[in-house]
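File shown: data_25.pdb. Contents: PDB, C-alpha atoms, pLDDT in the B column.
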MODEL        1
ATOM      1  CA  MET V   1      -9.156  -6.162  10.916  1.00 39.00           C
ATOM      2  CA  SER V   2      -8.038  -6.312  14.447  1.00 41.00           C
ATOM      3  CA  SER V   3      -5.613  -9.033  15.310  1.00 42.00           C
ATOM      4  CA  GLN V   4      -4.481  -9.950  18.785  1.00 38.00           C
ATOM      5  CA  SER V   5      -2.274 -12.742  19.984  1.00 36.00           C
ATOM      6  CA  GLY V   6      -0.822 -13.537  23.336  1.00 38.00           C
ATOM      7  CA  SER V   7       1.686 -15.968  24.736  1.00 37.00           C
ATOM      8  CA  SER V   8       1.087 -18.448  27.505  1.00 40.00           C
ATOM      9  CA  GLU V   9       2.875 -16.036  29.836  1.00 44.00           C
ATOM     10  CA  GLY V  10       0.160 -13.452  29.376  1.00 47.00           C
ATOM     11  CA  SER V  11       2.105 -10.921  27.305  1.00 52.00           C
ATOM     12  CA  ARG V  12       0.146  -9.476  24.438  1.00 55.00           C
ATOM     13  CA  THR V  13       1.160  -8.510  20.938  1.00 52.00           C
ATOM     14  CA  PRO V  14      -0.320  -5.124  20.056  1.00 59.00           C
ATOM     15  CA  SER V  15      -3.389  -5.164  17.839  1.00 89.00           C
ATOM     16  CA  ILE V  16      -3.310  -3.994  14.257  1.00 94.00           C
ATOM     17  CA  THR V  17      -5.867  -2.599  11.874  1.00 95.00           C
ATOM     18  CA  LEU V  18      -5.574  -3.435   8.172  1.00 96.00           C
ATOM     19  CA  LEU V  19      -6.669  -0.509   6.051  1.00 97.00           C
ATOM     20  CA  ASP V  20      -7.518  -0.860   2.356  1.00 97.00           C
ATOM     21  CA  VAL V  21      -7.240   2.630   0.868  1.00 97.00           C
ATOM     22  CA  ARG V  22      -8.402   1.724  -2.653  1.00 97.00           C
ATOM     23  CA  PRO V  23     -11.741   2.955  -4.042  1.00 96.00           C
ATOM     24  CA  GLU V  24     -14.826   1.152  -2.763  1.00 95.00           C
ATOM     25  CA  ALA V  25     -15.464  -0.629  -6.089  1.00 95.00           C
ATOM     26  CA  GLU V  26     -11.998  -2.231  -6.013  1.00 95.00           C
ATOM     27  CA  TYR V  27     -12.458  -3.262  -2.393  1.00 96.00           C
ATOM     28  CA  ALA V  28     -15.771  -4.911  -3.313  1.00 95.00           C
ATOM     29  CA  VAL V  29     -14.090  -7.096  -5.937  1.00 94.00           C
ATOM     30  CA  GLY V  30     -11.366  -8.340  -3.588  1.00 93.00           C
ATOM     31  CA  HIS V  31      -9.657  -7.401  -0.328  1.00 95.00           C
ATOM     32  CA  VAL V  32      -7.726  -8.828   2.600  1.00 94.00           C
ATOM     33  CA  PRO V  33     -10.253 -10.528   4.907  1.00 94.00           C
ATOM     34  CA  GLY V  34     -11.184  -8.239   7.778  1.00 92.00           C
ATOM     35  CA  ALA V  35      -9.660  -5.107   6.241  1.00 95.00           C
ATOM     36  CA  LEU V  36     -11.417  -1.785   6.737  1.00 96.00           C
ATOM     37  CA  ASN V  37     -12.007   0.165   3.528  1.00 97.00           C
ATOM     38  CA  ILE V  38     -11.467   3.903   3.664  1.00 98.00           C
ATOM     39  CA  PRO V  39     -10.437   5.281   0.273  1.00 97.00           C
ATOM     40  CA  VAL V  40      -7.514   7.652   0.639  1.00 95.00           C
ATOM     41  CA  ALA V  41      -9.645  10.548  -0.652  1.00 95.00           C
ATOM     42  CA  GLU V  42     -12.015  10.039   2.313  1.00 97.00           C
ATOM     43  CA  LEU V  43      -9.386   9.418   4.968  1.00 97.00           C
ATOM     44  CA  GLU V  44      -9.338  12.873   6.546  1.00 95.00           C
ATOM     45  CA  ARG V  45     -13.081  12.943   7.222  1.00 96.00           C
ATOM     46  CA  ARG V  46     -13.276   9.298   8.341  1.00 97.00           C
ATOM     47  CA  LEU V  47     -10.419   9.250  10.861  1.00 96.00           C
ATOM     48  CA  ILE V  48     -12.968   8.714  13.644  1.00 95.00           C
ATOM     49  CA  GLU V  49     -13.440   5.156  12.326  1.00 96.00           C
ATOM     50  CA  LEU V  50      -9.816   4.261  13.054  1.00 96.00           C
ATOM     51  CA  PRO V  51      -8.588   3.157  16.476  1.00 93.00           C
ATOM     52  CA  ASP V  52      -5.894   5.410  17.882  1.00 89.00           C
ATOM     53  CA  ASP V  53      -4.442   2.676  20.080  1.00 93.00           C
ATOM     54  CA  GLN V  54      -3.519   0.223  17.309  1.00 94.00           C
ATOM     55  CA  GLU V  55      -0.944   0.199  14.566  1.00 96.00           C
ATOM     56  CA  ILE V  56      -2.533   0.727  11.166  1.00 97.00           C
ATOM     57  CA  ILE V  57      -1.186  -1.132   8.165  1.00 96.00           C
ATOM     58  CA  ALA V  58      -2.406   0.413   4.928  1.00 97.00           C
ATOM     59  CA  TYR V  59      -2.363  -1.307   1.556  1.00 97.00           C
ATOM     60  CA  CYS V  60      -3.488  -0.597  -1.982  1.00 95.00           C
ATOM     61  CA  ARG V  61      -2.894  -1.939  -5.506  1.00 95.00           C
ATOM     62  CA  GLY V  62       0.743  -2.960  -5.200  1.00 93.00           C
ATOM     63  CA  PRO V  63       4.297  -1.624  -5.182  1.00 90.00           C
ATOM     64  CA  HIS V  64       3.642   0.966  -7.915  1.00 91.00           C
ATOM     65  CA  CYS V  65       0.573   2.413  -6.204  1.00 92.00           C
ATOM     66  CA  ALA V  66       1.132   5.502  -4.058  1.00 94.00           C
ATOM     67  CA  LEU V  67      -2.221   5.431  -2.241  1.00 96.00           C
ATOM     68  CA  SER V  68      -1.023   3.535   0.833  1.00 96.00           C
ATOM     69  CA  ALA V  69       2.124   5.667   1.185  1.00 95.00           C
ATOM     70  CA  GLU V  70      -0.037   8.801   0.958  1.00 96.00           C
ATOM     71  CA  ALA V  71      -2.403   7.393   3.604  1.00 97.00           C
ATOM     72  CA  VAL V  72       0.478   6.529   5.932  1.00 97.00           C
ATOM     73  CA  ARG V  73       1.907  10.050   5.657  1.00 97.00           C
ATOM     74  CA  ALA V  74      -1.508  11.523   6.487  1.00 97.00           C
ATOM     75  CA  LEU V  75      -2.062   9.148   9.396  1.00 97.00           C
ATOM     76  CA  ARG V  76       1.375   9.800  10.887  1.00 97.00           C
ATOM     77  CA  ALA V  77       0.769  13.553  10.613  1.00 97.00           C
ATOM     78  CA  LYS V  78      -2.333  13.016  12.768  1.00 96.00           C
ATOM     79  CA  GLY V  79      -0.395  11.021  15.360  1.00 96.00           C
ATOM     80  CA  TYR V  80      -1.309   7.484  14.306  1.00 96.00           C
ATOM     81  CA  LYS V  81       1.229   4.691  14.276  1.00 97.00           C
ATOM     82  CA  ALA V  82       1.035   3.584  10.654  1.00 97.00           C
ATOM     83  CA  ARG V  83       2.988   1.810   7.947  1.00 96.00           C
ATOM     84  CA  HIS V  84       2.182   0.404   4.553  1.00 91.00           C
ATOM     85  CA  PHE V  85       2.215  -3.068   3.084  1.00 94.00           C
ATOM     86  CA  GLU V  86       4.132  -2.159  -0.052  1.00 91.00           C
ATOM     87  CA  SER V  87       3.200  -5.171  -2.165  1.00 93.00           C
ATOM     88  CA  GLY V  88      -0.513  -4.524  -1.554  1.00 94.00           C
ATOM     89  CA  LEU V  89      -3.280  -6.896  -2.494  1.00 94.00           C
ATOM     90  CA  PRO V  90      -1.246  -8.522  -5.312  1.00 91.00           C
ATOM     91  CA  GLY V  91       1.487  -9.371  -2.798  1.00 92.00           C
ATOM     92  CA  TRP V  92      -1.083 -10.843  -0.443  1.00 92.00           C
ATOM     93  CA  GLN V  93      -2.436 -12.974  -3.272  1.00 91.00           C
ATOM     94  CA  ALA V  94       1.072 -14.025  -4.350  1.00 91.00           C
ATOM     95  CA  LEU V  95       1.549 -15.507  -0.890  1.00 92.00           C
ATOM     96  CA  GLY V  96      -1.484 -17.706  -1.550  1.00 90.00           C
ATOM     97  CA  LEU V  97      -3.504 -16.061   1.205  1.00 91.00           C
ATOM     98  CA  ALA V  98      -7.289 -15.814   1.177  1.00 89.00           C
ATOM     99  CA  VAL V  99      -9.035 -12.870  -0.431  1.00 92.00           C
ATOM    100  CA  SER V 100     -12.577 -11.769   0.377  1.00 93.00           C
ATOM    101  CA  SER V 101     -15.093  -9.928  -1.724  1.00 90.00           C
ATOM    102  CA  VAL V 102     -18.369  -8.277  -0.853  1.00 81.00           C
ATOM    103  CA  HIS V 103     -20.046 -11.460  -2.134  1.00 73.00           C
ATOM    104  CA  SER V 104     -17.838 -13.980  -0.301  1.00 58.00           C
ATOM    105  CA  SER V 105     -16.424 -14.384   3.170  1.00 49.00           C
ATOM    106  CA  GLY V 106     -13.091 -15.656   1.881  1.00 47.00           C
ATOM    107  CA  ARG V 107     -11.746 -17.470  -1.134  1.00 44.00           C
ATOM    108  CA  SER V 108      -8.423 -18.420  -2.548  1.00 42.00           C
ATOM    109  CA  ALA V 109      -6.336 -15.875  -4.335  1.00 40.00           C
ATOM    110  CA  GLY V 110      -7.681 -16.410  -7.810  1.00 42.00           C
ATOM    111  CA  LEU V 111      -8.897 -12.899  -8.586  1.00 44.00           C
TER     112      LEU V 111
ENDMDL
END
Could you write out this structure as structure tokens?
Amino acid sequence: MSSQSGSSEGSRTPSITLLDVRPEAEYAVGHVPGALNIPVAELERRLIELPDDQEIIAYCRGPHCALSAEAVRALRAKGYKARHFESGLPGWQALGLAVSSVHSSGRSAGL
């Protein structure tokens, strides 16, 4: 997901890309709307799909899942500006934010 916002004075907040690093089957069941799915095991060979001019925020299953931290380390080693959303999809849902699935464009956090 790319997100851009600007103020009335014309300054721009840098864009971000949300990266879901869970396996494809988990992504299909529920994910942050607009997130790109690249499982951590495929990250190295799919780097071309990531913008190099945006910050990448990786997430996975939650605070006890190491996938997003592993992805961030790999991305930083390749020169990307990256960080992880530690609470992952469960944290997103706990905030009451919408969750998408392959079969929906967005629904409430009732997974």
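Across the structure, CA of Leu47 (chain V) and CA of Phe85 (chain V) are spaced 19.3 Å apart.
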Atom pair CA of Leu75 (chain V) / CA of Glu26 (chain V): separation (Å)
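CA of Leu75 (chain V) sits 21.6 Å away from CA of Glu26 (chain V).
Using all atoms listed in the file for every distance, the candidate list V:Gly88, V:Ala41, V:Val102, V:Gly96 yields V:Gly88 as the residue closest to Cys65 (chain V).
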Among listed residues V:Val99, V:Leu50, V:Cys60, V:Leu19, nearest Gly79 (chain V) (using all atoms listed in the file):
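The answer is V:Leu50, which sits nearest to Gly79 (chain V).
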Between CA of Asn37 (chain V) and CA of Arg22 (chain V), distance in Å (one decimal):
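These two atoms are separated by 7.3 Å.
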Using all atoms listed in the file, which residue out of V:Ala82, V:Leu97, V:Leu89, V:Asp20 lies closest to Val40 (chain V)?
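When distances to Val40 (chain V) are compared using all atoms listed in the file, the smallest one comes from V:Asp20.
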